[in-house]
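Below is the file query.csv, which contains CSV, C-alpha atoms and all ligand atoms.
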chain,number,residue,atom,x,y,z
A,1,MET,CA,0.0,0.0,0.0
A,2,LEU,CA,1.1,3.6,-0.6
A,3,THR,CA,-0.2,7.1,-0.2
A,4,SER,CA,0.5,9.5,-3.0
A,5,GLY,CA,-0.1,13.2,-4.0
A,6,GLY,CA,-1.2,15.7,-1.5
A,7,ASP,CA,-1.7,14.3,2.0
A,8,ALA,CA,-5.3,14.3,3.3
A,9,PRO,CA,-6.6,13.9,6.9
A,10,GLY,CA,-7.9,10.4,7.2
A,11,MET,CA,-5.2,8.7,5.1
A,12,ASN,CA,-3.8,7.2,8.3
A,13,ALA,CA,-7.2,5.8,9.1
A,14,ALA,CA,-7.2,4.2,5.7
A,15,ILE,CA,-3.7,2.8,6.2
A,16,ARG,CA,-4.9,1.3,9.5
A,17,ALA,CA,-8.0,-0.2,7.9
A,18,VAL,CA,-6.0,-1.8,5.0
A,19,THR,CA,-3.4,-3.2,7.3
A,20,ARG,CA,-5.7,-4.6,9.9
A,21,THR,CA,-8.2,-6.0,7.4
A,22,ALA,CA,-5.4,-7.7,5.5
A,23,ILE,CA,-3.8,-9.2,8.6
A,24,TYR,CA,-7.2,-10.3,9.9
A,25,ASN,CA,-7.4,-12.3,6.6
A,26,ASN,CA,-3.9,-13.8,7.1
A,27,LEU,CA,-2.2,-11.6,4.5
A,28,GLU,CA,1.1,-9.9,4.8
A,29,VAL,CA,1.2,-6.1,4.4
A,30,ILE,CA,4.0,-4.0,3.0
A,31,GLY,CA,3.9,-0.2,3.4
A,32,ILE,CA,5.6,1.7,0.6
A,33,LYS,CA,7.2,5.0,1.8
A,34,ARG,CA,6.9,8.3,-0.1
A,35,GLY,CA,4.4,7.2,-2.7
A,36,PHE,CA,5.5,6.3,-6.2
A,37,LEU,CA,8.9,7.8,-5.5
A,38,GLY,CA,9.5,5.3,-2.7
A,39,LEU,CA,8.1,2.6,-4.9
A,40,MET,CA,10.7,3.1,-7.6
A,41,GLU,CA,13.4,3.1,-5.0
A,42,GLY,CA,12.1,0.0,-3.2
A,43,ASP,CA,11.5,1.9,0.1
A,44,PHE,CA,9.3,-0.8,1.6
A,45,VAL,CA,8.5,-1.6,5.2
A,46,LYS,CA,6.5,-4.5,6.7
A,47,LEU,CA,3.5,-3.4,8.6
A,48,ASN,CA,2.3,-5.3,11.7
A,49,LEU,CA,-0.8,-4.6,13.8
A,50,GLY,CA,1.1,-2.4,16.3
A,51,ASP,CA,2.6,-0.3,13.5
A,52,VAL,CA,-0.8,1.2,12.8
A,53,GLY,CA,-1.8,1.6,16.4
A,54,GLY,CA,-2.5,5.2,17.6
A,55,ILE,CA,-2.7,6.7,14.1
A,56,LEU,CA,-6.5,6.7,13.5
A,57,GLN,CA,-6.7,10.2,14.9
A,58,ARG,CA,-3.6,11.6,13.3
A,59,GLY,CA,-3.5,13.8,10.3
A,60,GLY,CA,-0.9,13.4,7.5
A,61,THR,CA,0.3,10.0,6.4
A,62,ILE,CA,2.7,7.8,8.3
A,63,LEU,CA,3.8,6.3,5.0
A,64,GLN,CA,4.6,9.9,3.8
A,65,THR,CA,3.8,11.0,0.3
A,66,ALA,CA,5.3,12.6,-2.8
A,67,ARG,CA,4.6,13.9,-6.3
A,68,SER,CA,6.9,12.2,-8.7
A,69,GLU,CA,7.6,13.3,-12.3
A,70,LYS,CA,9.9,10.3,-12.9
A,71,PHE,CA,7.0,7.9,-12.3
A,72,LYS,CA,5.2,9.4,-15.3
A,73,THR,CA,7.9,8.1,-17.6
A,74,GLU,CA,8.0,4.6,-19.1
A,75,GLU,CA,11.4,4.0,-17.3
A,76,GLY,CA,9.9,5.0,-13.9
A,77,ILE,CA,6.9,2.8,-14.3
A,78,ASN,CA,9.0,-0.2,-15.4
A,79,GLU,CA,11.2,0.3,-12.4
A,80,ALA,CA,8.2,0.3,-10.1
A,81,VAL,CA,6.8,-2.9,-11.6
A,82,LYS,CA,10.1,-4.6,-11.2
A,83,ARG,CA,10.3,-3.6,-7.5
A,84,LEU,CA,6.8,-4.9,-6.9
A,85,ASN,CA,7.5,-8.2,-8.6
A,86,ASP,CA,10.9,-8.7,-6.9
A,87,ALA,CA,9.2,-8.1,-3.5
A,88,GLY,CA,6.5,-10.7,-4.4
A,89,ILE,CA,3.7,-8.1,-3.9
A,90,GLU,CA,0.5,-9.6,-5.2
A,91,GLY,CA,-1.9,-6.6,-4.9
A,92,LEU,CA,-1.5,-2.9,-4.4
A,93,VAL,CA,-3.7,-0.3,-2.7
A,94,VAL,CA,-3.1,3.3,-3.8
A,95,ILE,CA,-4.5,6.0,-1.5
A,96,GLY,CA,-4.6,9.3,-3.2
A,97,GLY,CA,-6.3,11.5,-5.8
A,98,GLU,CA,-6.6,11.7,-9.6
A,99,GLY,CA,-2.9,11.8,-10.4
A,100,SER,CA,-2.3,8.9,-8.1
A,101,PHE,CA,-5.0,6.9,-9.8
A,102,LYS,CA,-3.6,7.5,-13.2
A,103,GLY,CA,-0.3,6.0,-11.9
A,104,ALA,CA,-2.3,3.1,-10.3
A,105,TRP,CA,-3.9,2.3,-13.6
A,106,GLU,CA,-0.5,2.2,-15.4
A,107,LEU,CA,0.6,-0.4,-12.8
A,108,ASN,CA,-2.6,-2.4,-13.2
A,109,LYS,CA,-2.2,-2.5,-17.0
A,110,ARG,CA,1.3,-4.0,-16.4
A,111,GLY,CA,-0.1,-6.9,-14.4
A,112,ILE,CA,-0.1,-5.5,-10.8
A,113,PRO,CA,-3.6,-5.9,-9.4
A,114,THR,CA,-4.4,-2.4,-8.0
A,115,ILE,CA,-7.2,-0.8,-6.2
A,116,GLY,CA,-7.6,3.0,-5.6
A,117,VAL,CA,-8.9,4.6,-2.4
A,118,PRO,CA,-9.8,8.3,-2.9
A,119,GLY,CA,-7.8,10.4,-0.4
A,120,THR,CA,-7.8,14.1,-1.3
A,121,ILE,CA,-9.3,17.2,0.3
A,122,ASP,CA,-10.5,18.4,-3.1
A,123,ASN,CA,-13.5,16.0,-3.4
A,124,ASP,CA,-12.9,16.0,-7.2
A,125,ILE,CA,-13.1,12.3,-7.8
A,126,ALA,CA,-16.1,11.0,-9.8
A,127,GLY,CA,-17.8,7.9,-8.4
A,128,THR,CA,-17.8,8.9,-4.8
A,129,ASP,CA,-19.8,11.5,-3.0
A,130,TYR,CA,-16.9,12.2,-0.6
A,131,THR,CA,-13.2,11.7,-0.7
A,132,ILE,CA,-11.2,11.1,2.5
A,133,GLY,CA,-10.0,14.4,3.9
A,134,PHE,CA,-12.7,16.6,2.3
A,135,ASP,CA,-14.9,16.8,5.4
A,136,THR,CA,-12.0,17.7,7.6
A,137,ALA,CA,-10.8,20.4,5.2
A,138,VAL,CA,-14.4,21.9,5.1
A,139,ASN,CA,-14.6,21.9,8.9
A,140,ILE,CA,-11.2,23.7,9.1
A,141,ALA,CA,-12.4,26.3,6.7
A,142,VAL,CA,-15.6,26.8,8.6
A,143,GLU,CA,-13.7,27.2,11.9
A,144,ALA,CA,-11.5,29.8,10.2
A,145,VAL,CA,-14.5,31.8,9.0
A,146,ASN,CA,-16.1,31.6,12.5
A,147,ARG,CA,-12.9,33.2,13.9
A,148,LEU,CA,-12.8,35.8,11.1
A,149,ARG,CA,-16.4,36.8,11.8
A,150,ASP,CA,-15.4,37.9,15.3
A,151,THR,CA,-12.7,40.2,14.2
A,152,ALA,CA,-14.6,41.2,11.0
A,153,SER,CA,-17.7,42.3,13.0
A,154,SER,CA,-15.6,44.1,15.6
A,155,HIS,CA,-13.9,46.2,12.9
A,156,GLU,CA,-16.8,46.3,10.4
A,157,ARG,CA,-14.6,44.7,7.8
A,158,MET,CA,-15.0,42.5,4.7
A,159,PHE,CA,-12.8,39.5,4.3
A,160,ILE,CA,-12.0,37.2,1.3
A,161,VAL,CA,-11.0,33.7,2.3
A,162,GLU,CA,-9.2,31.6,-0.3
A,163,VAL,CA,-9.6,27.9,0.0
A,164,MET,CA,-8.0,25.0,-1.8
A,165,GLY,CA,-9.6,22.6,-4.2
A,166,ARG,CA,-7.4,22.7,-7.3
A,167,LYS,CA,-9.9,23.0,-10.2
A,168,SER,CA,-12.9,22.1,-8.0
A,169,GLY,CA,-15.2,24.4,-6.0
A,170,TYR,CA,-16.4,21.7,-3.5
A,171,ILE,CA,-14.5,22.9,-0.5
A,172,ALA,CA,-15.5,26.5,-1.2
A,173,LEU,CA,-19.2,25.7,-1.7
A,174,MET,CA,-19.6,23.5,1.4
A,175,ALA,CA,-17.5,25.8,3.6
A,176,GLY,CA,-19.5,28.7,2.3
A,177,VAL,CA,-22.9,27.2,3.0
A,178,ALA,CA,-21.8,26.0,6.5
A,179,SER,CA,-20.3,29.4,7.4
A,180,GLY,CA,-23.0,31.6,5.9
A,181,ALA,CA,-20.6,33.3,3.5
A,182,GLU,CA,-22.1,36.3,1.7
A,183,SER,CA,-20.6,35.2,-1.7
A,184,ILE,CA,-19.0,32.0,-2.9
A,185,LEU,CA,-16.9,32.0,-6.0
A,186,ILE,CA,-16.2,28.6,-7.6
A,187,PRO,CA,-14.6,27.6,-10.9
A,188,GLU,CA,-17.7,25.8,-12.0
A,189,VAL,CA,-19.8,29.0,-12.2
A,190,PRO,CA,-18.4,32.2,-13.9
A,191,TYR,CA,-18.6,35.1,-11.4
A,192,ASP,CA,-19.6,38.7,-12.1
A,193,ILE,CA,-17.6,41.1,-10.0
A,194,GLU,CA,-20.3,43.8,-10.3
A,195,GLU,CA,-22.8,41.4,-8.7
A,196,VAL,CA,-20.3,40.6,-5.9
A,197,CYS,CA,-19.9,44.3,-5.2
A,198,ALA,CA,-23.6,45.0,-5.5
A,199,LYS,CA,-24.2,42.3,-2.8
A,200,LEU,CA,-21.6,43.8,-0.6
A,201,ARG,CA,-23.2,47.3,-1.1
A,202,ARG,CA,-26.7,46.0,-0.3
A,203,GLY,CA,-25.5,44.4,2.9
A,204,HIS,CA,-23.6,47.5,3.9
A,205,GLN,CA,-26.7,49.7,3.3
A,206,ARG,CA,-28.8,47.3,5.4
A,207,GLY,CA,-26.4,47.9,8.3
A,208,LYS,CA,-24.4,44.6,8.0
A,209,THR,CA,-21.3,45.0,10.1
A,210,HIS,CA,-19.2,42.6,8.1
A,211,SER,CA,-19.1,40.3,5.1
A,212,ILE,CA,-17.2,37.1,4.1
A,213,ILE,CA,-16.5,36.1,0.5
A,214,ILE,CA,-15.1,32.6,-0.1
A,215,VAL,CA,-13.1,32.0,-3.2
A,216,ALA,CA,-11.9,28.7,-4.5
A,217,GLU,CA,-8.2,28.7,-5.6
A,218,GLY,CA,-9.3,27.5,-9.0
A,219,VAL,CA,-11.1,30.8,-9.7
A,220,ALA,CA,-8.4,33.4,-8.9
A,221,SER,CA,-6.3,34.3,-6.0
A,222,ALA,CA,-7.9,36.2,-3.1
A,223,SER,CA,-5.7,39.2,-3.8
A,224,GLN,CA,-6.8,39.4,-7.4
A,225,ILE,CA,-10.5,39.4,-6.3
A,226,ARG,CA,-9.6,42.0,-3.6
A,227,ASP,CA,-8.1,44.3,-6.3
A,228,GLN,CA,-11.2,43.9,-8.5
A,229,ILE,CA,-13.5,44.7,-5.6
A,230,LEU,CA,-11.5,47.8,-4.7
A,231,ASP,CA,-11.5,48.9,-8.3
A,232,LYS,CA,-15.2,48.5,-8.8
A,233,SER,CA,-16.5,49.6,-5.4
A,234,GLY,CA,-13.8,51.3,-3.4
A,235,TYR,CA,-14.3,48.8,-0.6
A,236,GLU,CA,-11.2,47.7,1.2
A,237,VAL,CA,-11.2,44.0,1.8
A,238,ARG,CA,-8.8,42.0,3.9
A,239,VAL,CA,-7.4,38.7,2.5
A,240,VAL,CA,-6.9,35.4,4.2
A,241,VAL,CA,-5.4,32.4,2.3
A,242,LEU,CA,-6.0,29.2,4.3
A,243,GLY,CA,-3.6,27.1,2.1
A,244,HIS,CA,-2.1,24.0,3.6
A,245,LEU,CA,-3.7,24.6,7.0
A,246,GLN,CA,-6.7,22.8,5.4
A,247,ARG,CA,-4.6,19.6,5.0
A,248,GLY,CA,-3.3,19.3,8.5
A,249,GLY,CA,-4.8,18.2,11.8
A,250,SER,CA,-6.9,15.4,13.2
A,251,PRO,CA,-9.5,14.0,10.8
A,252,THR,CA,-13.2,14.4,11.6
A,253,ALA,CA,-15.2,11.3,12.7
A,254,PHE,CA,-16.8,11.3,9.2
A,255,ASP,CA,-13.4,11.0,7.5
A,256,ARG,CA,-12.2,8.3,9.9
A,257,ILE,CA,-15.3,6.2,9.3
A,258,LEU,CA,-15.1,6.7,5.5
A,259,ALA,CA,-11.4,5.8,5.4
A,260,SER,CA,-12.0,2.7,7.5
A,261,ARG,CA,-14.8,1.5,5.2
A,262,LEU,CA,-12.9,2.2,2.0
A,263,GLY,CA,-9.6,0.8,3.2
A,264,ALA,CA,-11.2,-2.4,4.3
A,265,LYS,CA,-13.2,-2.7,1.0
A,266,ALA,CA,-10.0,-2.3,-1.0
A,267,VAL,CA,-8.5,-5.3,0.6
A,268,GLU,CA,-11.7,-7.4,0.2
A,269,LEU,CA,-11.8,-6.6,-3.5
A,270,LEU,CA,-8.2,-7.6,-4.0
A,271,MET,CA,-8.9,-10.9,-2.2
A,272,GLU,CA,-11.8,-11.5,-4.5
A,273,GLY,CA,-9.5,-11.1,-7.5
A,274,VAL,CA,-11.0,-7.7,-8.4
A,275,GLU,CA,-8.5,-5.2,-9.8
A,276,GLY,CA,-8.2,-1.8,-11.6
A,277,LYS,CA,-11.0,-0.3,-9.6
A,278,VAL,CA,-11.6,2.6,-7.3
A,279,VAL,CA,-13.8,2.3,-4.2
A,280,GLY,CA,-16.0,5.1,-3.0
A,281,TRP,CA,-19.1,6.0,-1.0
A,282,GLU,CA,-22.1,6.9,-3.1
A,283,LYS,CA,-25.7,7.4,-2.1
A,284,GLY,CA,-25.1,5.8,1.3
A,285,GLY,CA,-23.3,2.7,0.2
A,286,ILE,CA,-20.0,1.5,-1.1
A,287,SER,CA,-19.3,2.1,-4.8
A,288,VAL,CA,-16.9,0.4,-7.1
A,289,TYR,CA,-15.8,1.9,-10.5
A,290,ASP,CA,-13.1,1.3,-13.1
A,291,LEU,CA,-10.1,3.4,-12.2
A,292,PRO,CA,-10.3,5.6,-15.3
A,293,TYR,CA,-13.9,6.5,-14.4
A,294,SER,CA,-12.5,8.6,-11.6
A,295,TRP,CA,-10.8,11.1,-13.9
A,296,GLU,CA,-12.6,10.6,-17.2
A,297,VAL,CA,-15.9,11.6,-15.7
A,298,LYS,CA,-16.2,15.2,-14.5
A,299,LYS,CA,-17.7,15.3,-11.0
A,300,GLU,CA,-20.4,17.9,-11.1
A,301,ILE,CA,-20.9,20.5,-8.4
A,302,ASP,CA,-24.2,20.5,-6.5
A,303,MET,CA,-25.9,23.4,-8.3
A,304,GLU,CA,-29.0,23.1,-6.1
A,305,LEU,CA,-26.8,23.9,-3.1
A,306,TYR,CA,-25.1,26.6,-4.9
A,307,LYS,CA,-28.4,28.3,-5.7
A,308,LEU,CA,-29.5,27.8,-2.1
A,309,ALA,CA,-26.3,29.5,-0.8
A,310,ASP,CA,-27.2,32.5,-3.0
A,311,ILE,CA,-30.7,32.7,-1.6
A,312,LEU,CA,-29.7,32.3,2.0
A,313,SER,CA,-27.0,35.0,1.7
A,314,ILE,CA,-29.4,37.5,0.1
B,1,LIG,O1,-4.9,18.1,-4.1
B,1,LIG,C1,-4.8,18.7,-2.9
B,1,LIG,C2,-4.2,20.1,-2.9
B,1,LIG,O2,-4.1,20.5,-1.5
B,1,LIG,C3,-5.0,21.1,-3.7
B,1,LIG,O3,-6.2,21.5,-3.1
B,1,LIG,C4,-4.0,22.1,-4.0
B,1,LIG,O4,-4.2,22.8,-5.2
B,1,LIG,C5,-2.7,21.3,-4.1
B,1,LIG,O5,-2.9,20.1,-3.4
B,1,LIG,C6,-1.5,21.9,-3.5
B,1,LIG,O6,-0.4,21.2,-3.8
B,1,LIG,P1,1.0,21.2,-3.0
B,1,LIG,O7,0.8,20.7,-1.6
B,1,LIG,O8,1.9,20.4,-3.8
B,1,LIG,O9,1.4,22.7,-2.9
Conversion result in structure tokens:
Amino acid sequence: MLTSGGDAPGMNAAIRAVTRTAIYNNLEVIGIKRGFLGLMEGDFVKLNLGDVGGILQRGGTILQTARSEKFKTEEGINEAVKRLNDAGIEGLVVIGGEGSFKGAWELNKRGIPTIGVPGTIDNDIAGTDYTIGFDTAVNIAVEAVNRLRDTASSHERMFIVEVMGRKSGYIALMAGVASGAESILIPEVPYDIEEVCAKLRRGHQRGKTHSIIIVAEGVASASQIRDQILDKSGYEVRVVVLGHLQRGGSPTAFDRILASRLGAKAVELLMEGVEGKVVGWEKGGISVYDLPYSWEVKKEIDMELYKLADILSI
């Protein structure tokens, strides 16, 4: 098993679930350090029950992670396949996001039975309603906005909070709804800066003491939006970029449970001889799709919720 790409809270819970489910079924478990990078270097460690004790509540990944350019080359992939075969590894669980699954698929095509477990705060993987780490990241963003509201209302200020998500607006949308943001800017819906300013102005005229705008990093940087608002309305807006804070810290109960379920299912699938799949959680149950489905199909944003956010922040 390996973790790859950006770390996500709950990856450790998945590592624990994979390890313990496998050992429960009399399998031997090898942890691969530093993602595909460690795989190409043969950086392997045997995992016993005790090695995954005390990690359920810890953020990050005990196996560590990396983004590797070399693994995208034919030479890199062949090296990885050789390492796996030499070590007698019969099945691989890859915990990560879209880029990691593309790598997993390459290995699967070369005869390494592989299952993907979606671990990314971005929630941009098709075939699962939630990815591991997303719920924690949303809660961190909501907590940050709660804190900002205290200082914003004391000073009668406006804030723009930039959240992660790569090309996806999921974190921004969910955090925006949960924190009652006045405006939510996401890459899936083109924004109109005049409308953003008009909303701020209406709030101001109604006696609102403060406003919060949430912008997904895939739209523009918070400082670009600040400059546009200043230009159009003259309002001075403070900027907060949450950045990697959203990836750290203890996972929520939701992420721990999701990771436990998906990690265990990945092992069960490999034992049944299933390979080249990604496991997920869809409509209240486990889902299983071909790995390419997770990146070939664009995960749609919940437009109903987006419209509701607009109504509630009138
Ligand atoms: O995919 C997770 C993520 O945190 C994205 O939201 C963000 O765009 C990216 O990773 C940041 O990558 P890095 O940690 O390499 O700066």
(message) Here is a test: counting all atoms listed in the file, which residue of A:Asp124, A:Glu275, A:Glu156, A:Asp290 is nearest to ligand LIG 1 (chain B)?
(response) A:Asp124
(message) When you look at Phe36 (chain A) with a cut-off of 10 Å (counting all atoms listed in the file), what residues show up, excluding the ones that are within fewer than 3 positions of it in the same chain? I need them as a list of chain:residue names.
(response) A:Leu2, A:Thr3, A:Ser4, A:Gly5, A:Ile32, A:Lys33, A:Leu39, A:Met40, A:Glu41, A:Gly42, A:Asp43, A:Thr65, A:Ala66, A:Arg67, A:Ser68, A:Glu69, A:Lys70, A:Phe71, A:Lys72, A:Gly76, A:Ile77, A:Ala80, A:Val94, A:Ser100, A:Gly103, A:Ala104
Skip region 138-143 of chain A itself and residues of its chain fewer than 4 positions away, then list as a tab-separated table (two decimals) with C-alpha atoms, in the coordinates of the input all residues within 7 Å of it, counting all atoms listed in the file.
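Okay, this is what ended up in out-v2.tsv:
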chain	number	residue	atom	x	y	z
A	134	PHE	CA	-12.70	16.60	2.30
A	147	ARG	CA	-12.90	33.20	13.90
A	171	ILE	CA	-14.50	22.90	-0.50
A	174	MET	CA	-19.60	23.50	1.40
A	175	ALA	CA	-17.50	25.80	3.60
A	178	ALA	CA	-21.80	26.00	6.50
A	179	SER	CA	-20.30	29.40	7.40
A	246	GLN	CA	-6.70	22.80	5.40
(request) In Å, rounded to a single decimal, give me how far CA of Ser250 (chain A) is from CA of Gly91 (chain A). (result) 28.9 Å
(request) Quick one: pull the distance between CA of Arg247 (chain A) and CA of Ile214 (chain A), Å, one decimal. (result)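 Atom-to-atom, CA of Arg247 (chain A) to CA of Ile214 (chain A), that is 17.5 Å.
The binding environment of ligand LIG 1 (chain B), defined as every protein, DNA or RNA residue with an atom no more than 8 Å away and counting all atoms listed in the file, comprises Gly5, Gly6, Asp7, Ala8, Arg67, Gly97, Thr120, Ile121, Asp122, Val163, Met164, Gly165, Arg166, Lys167, Glu217, Gly218, Gly243, His244, Gln246 and Arg247 of chain A.
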(request) To one decimal in Å, tell me the separation between CA of Arg83 (chain A) and CA of Ile112 (chain A). (result) 11.1 Å
(message) Under the rule that only C-alpha atoms are counted, which of A:Gly248, A:Gly234, A:Gly116, A:Gly203 is the nearest residue to Tyr293 (chain A)?
(response) A:Gly116
Taking 2 positions as the minimum chain separation for residues in the same chain, which residues sit within 9 Å of Ile301 (chain A) when counting all atoms listed in the file? Answer as an mmCIF file with C-alpha atoms, keeping the file's coordinate frame.
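selection.cif written:
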data_model
loop_
_atom_site.group_PDB
_atom_site.id
_atom_site.type_symbol
_atom_site.label_atom_id
_atom_site.label_comp_id
_atom_site.auth_asym_id
_atom_site.auth_seq_id
_atom_site.Cartn_x
_atom_site.Cartn_y
_atom_site.Cartn_z
ATOM 1 C CA SER A 168 -12.900 22.100 -8.000
ATOM 2 C CA GLY A 169 -15.200 24.400 -6.000
ATOM 3 C CA TYR A 170 -16.400 21.700 -3.500
ATOM 4 C CA LEU A 173 -19.200 25.700 -1.700
ATOM 5 C CA GLU A 188 -17.700 25.800 -12.000
ATOM 6 C CA LYS A 299 -17.700 15.300 -11.000
ATOM 7 C CA MET A 303 -25.900 23.400 -8.300
ATOM 8 C CA GLU A 304 -29.000 23.100 -6.100
ATOM 9 C CA LEU A 305 -26.800 23.900 -3.100
ATOM 10 C CA TYR A 306 -25.100 26.600 -4.900
#
(message) Residues within 12 Å of Gln57 (chain A), please, as a PyMOL selection string. Count all atoms listed in the file; anything in the same chain fewer than 3 positions from it doesn't count.
(response) chain A and resi 9-16+52-54+60-62+136+248-257+259-260
(message) Residues near Ile125 (chain A), anyone? I mean within 7 Å using all atoms listed in the file, not counting same-chain ones fewer than 2 positions away, as a ChimeraX atom specification.
(response) /A:98,123,127-128,294-295,299
Now that the selection is made, can you save its residues with C-alpha atoms as a PDB file, keeping the file's coordinate frame?
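Final output, part-v9.pdb:
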ATOM      1  CA  GLU A  98      -6.600  11.700  -9.600  1.00  0.00           C
ATOM      2  CA  ASN A 123     -13.500  16.000  -3.400  1.00  0.00           C
ATOM      3  CA  GLY A 127     -17.800   7.900  -8.400  1.00  0.00           C
ATOM      4  CA  THR A 128     -17.800   8.900  -4.800  1.00  0.00           C
ATOM      5  CA  SER A 294     -12.500   8.600 -11.600  1.00  0.00           C
ATOM      6  CA  TRP A 295     -10.800  11.100 -13.900  1.00  0.00           C
ATOM      7  CA  LYS A 299     -17.700  15.300 -11.000  1.00  0.00           C
TER       8      LYS A 299
END
(request) Find, counting only C-alpha atoms, the residue in A:Ala126, A:Val196, A:Ser221, A:Tyr191 that gets nearest to Lys298 (chain A). (result)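 Closest candidate: A:Ala126.
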Will you model N, CA, C and O atoms for region 206-222 of chain A and pass it back as a compact mmCIF listing (two decimals), in the coordinates of the input?
# COMPACT_ATOMS: atom_id res chain seq x y z
N ARG A 206 -27.84 47.90 4.39
CA ARG A 206 -28.80 47.30 5.40
C ARG A 206 -28.23 47.34 6.78
O ARG A 206 -28.86 46.88 7.72
N GLY A 207 -27.01 47.80 6.94
CA GLY A 207 -26.40 47.90 8.30
C GLY A 207 -25.60 46.66 8.66
O GLY A 207 -25.28 46.48 9.84
N LYS A 208 -25.27 45.82 7.69
CA LYS A 208 -24.40 44.60 8.00
C LYS A 208 -23.06 45.11 8.47
O LYS A 208 -22.46 46.02 7.86
N THR A 209 -22.58 44.51 9.53
CA THR A 209 -21.30 45.00 10.10
C THR A 209 -20.11 44.34 9.38
O THR A 209 -18.99 44.83 9.49
N HIS A 210 -20.34 43.22 8.70
CA HIS A 210 -19.20 42.60 8.10
C HIS A 210 -19.68 41.59 6.98
O HIS A 210 -20.85 41.23 6.96
N SER A 211 -18.76 41.22 6.11
CA SER A 211 -19.10 40.30 5.10
C SER A 211 -17.92 39.33 4.81
O SER A 211 -16.76 39.73 4.96
N ILE A 212 -18.26 38.11 4.41
CA ILE A 212 -17.20 37.10 4.10
C ILE A 212 -17.45 36.61 2.66
O ILE A 212 -18.55 36.19 2.31
N ILE A 213 -16.40 36.66 1.87
CA ILE A 213 -16.50 36.10 0.50
C ILE A 213 -15.51 34.88 0.52
O ILE A 213 -14.36 35.00 0.95
N ILE A 214 -16.00 33.74 0.03
CA ILE A 214 -15.10 32.60 -0.10
C ILE A 214 -14.77 32.37 -1.55
O ILE A 214 -15.68 32.32 -2.40
N VAL A 215 -13.50 32.27 -1.84
CA VAL A 215 -13.10 32.00 -3.20
C VAL A 215 -12.28 30.74 -3.30
O VAL A 215 -11.37 30.52 -2.50
N ALA A 216 -12.65 29.90 -4.25
CA ALA A 216 -11.90 28.70 -4.50
C ALA A 216 -10.63 29.04 -5.26
O ALA A 216 -10.67 29.89 -6.16
N GLU A 217 -9.52 28.40 -4.94
CA GLU A 217 -8.20 28.70 -5.60
C GLU A 217 -8.31 28.59 -7.12
O GLU A 217 -7.57 29.24 -7.84
N GLY A 218 -9.22 27.73 -7.59
CA GLY A 218 -9.30 27.50 -9.00
C GLY A 218 -9.98 28.67 -9.78
O GLY A 218 -10.03 28.69 -11.01
N VAL A 219 -10.51 29.67 -9.05
CA VAL A 219 -11.10 30.80 -9.70
C VAL A 219 -10.09 31.91 -9.96
O VAL A 219 -9.90 32.36 -11.09
N ALA A 220 -9.45 32.32 -8.90
CA ALA A 220 -8.40 33.40 -8.90
C ALA A 220 -7.86 33.46 -7.54
O ALA A 220 -8.41 32.86 -6.62
N SER A 221 -6.78 34.21 -7.39
CA SER A 221 -6.30 34.30 -6.00
C SER A 221 -7.12 35.36 -5.28
O SER A 221 -7.75 36.24 -5.88
N ALA A 222 -7.12 35.24 -3.96
CA ALA A 222 -7.90 36.20 -3.10
C ALA A 222 -7.47 37.60 -3.38
O ALA A 222 -8.29 38.53 -3.40
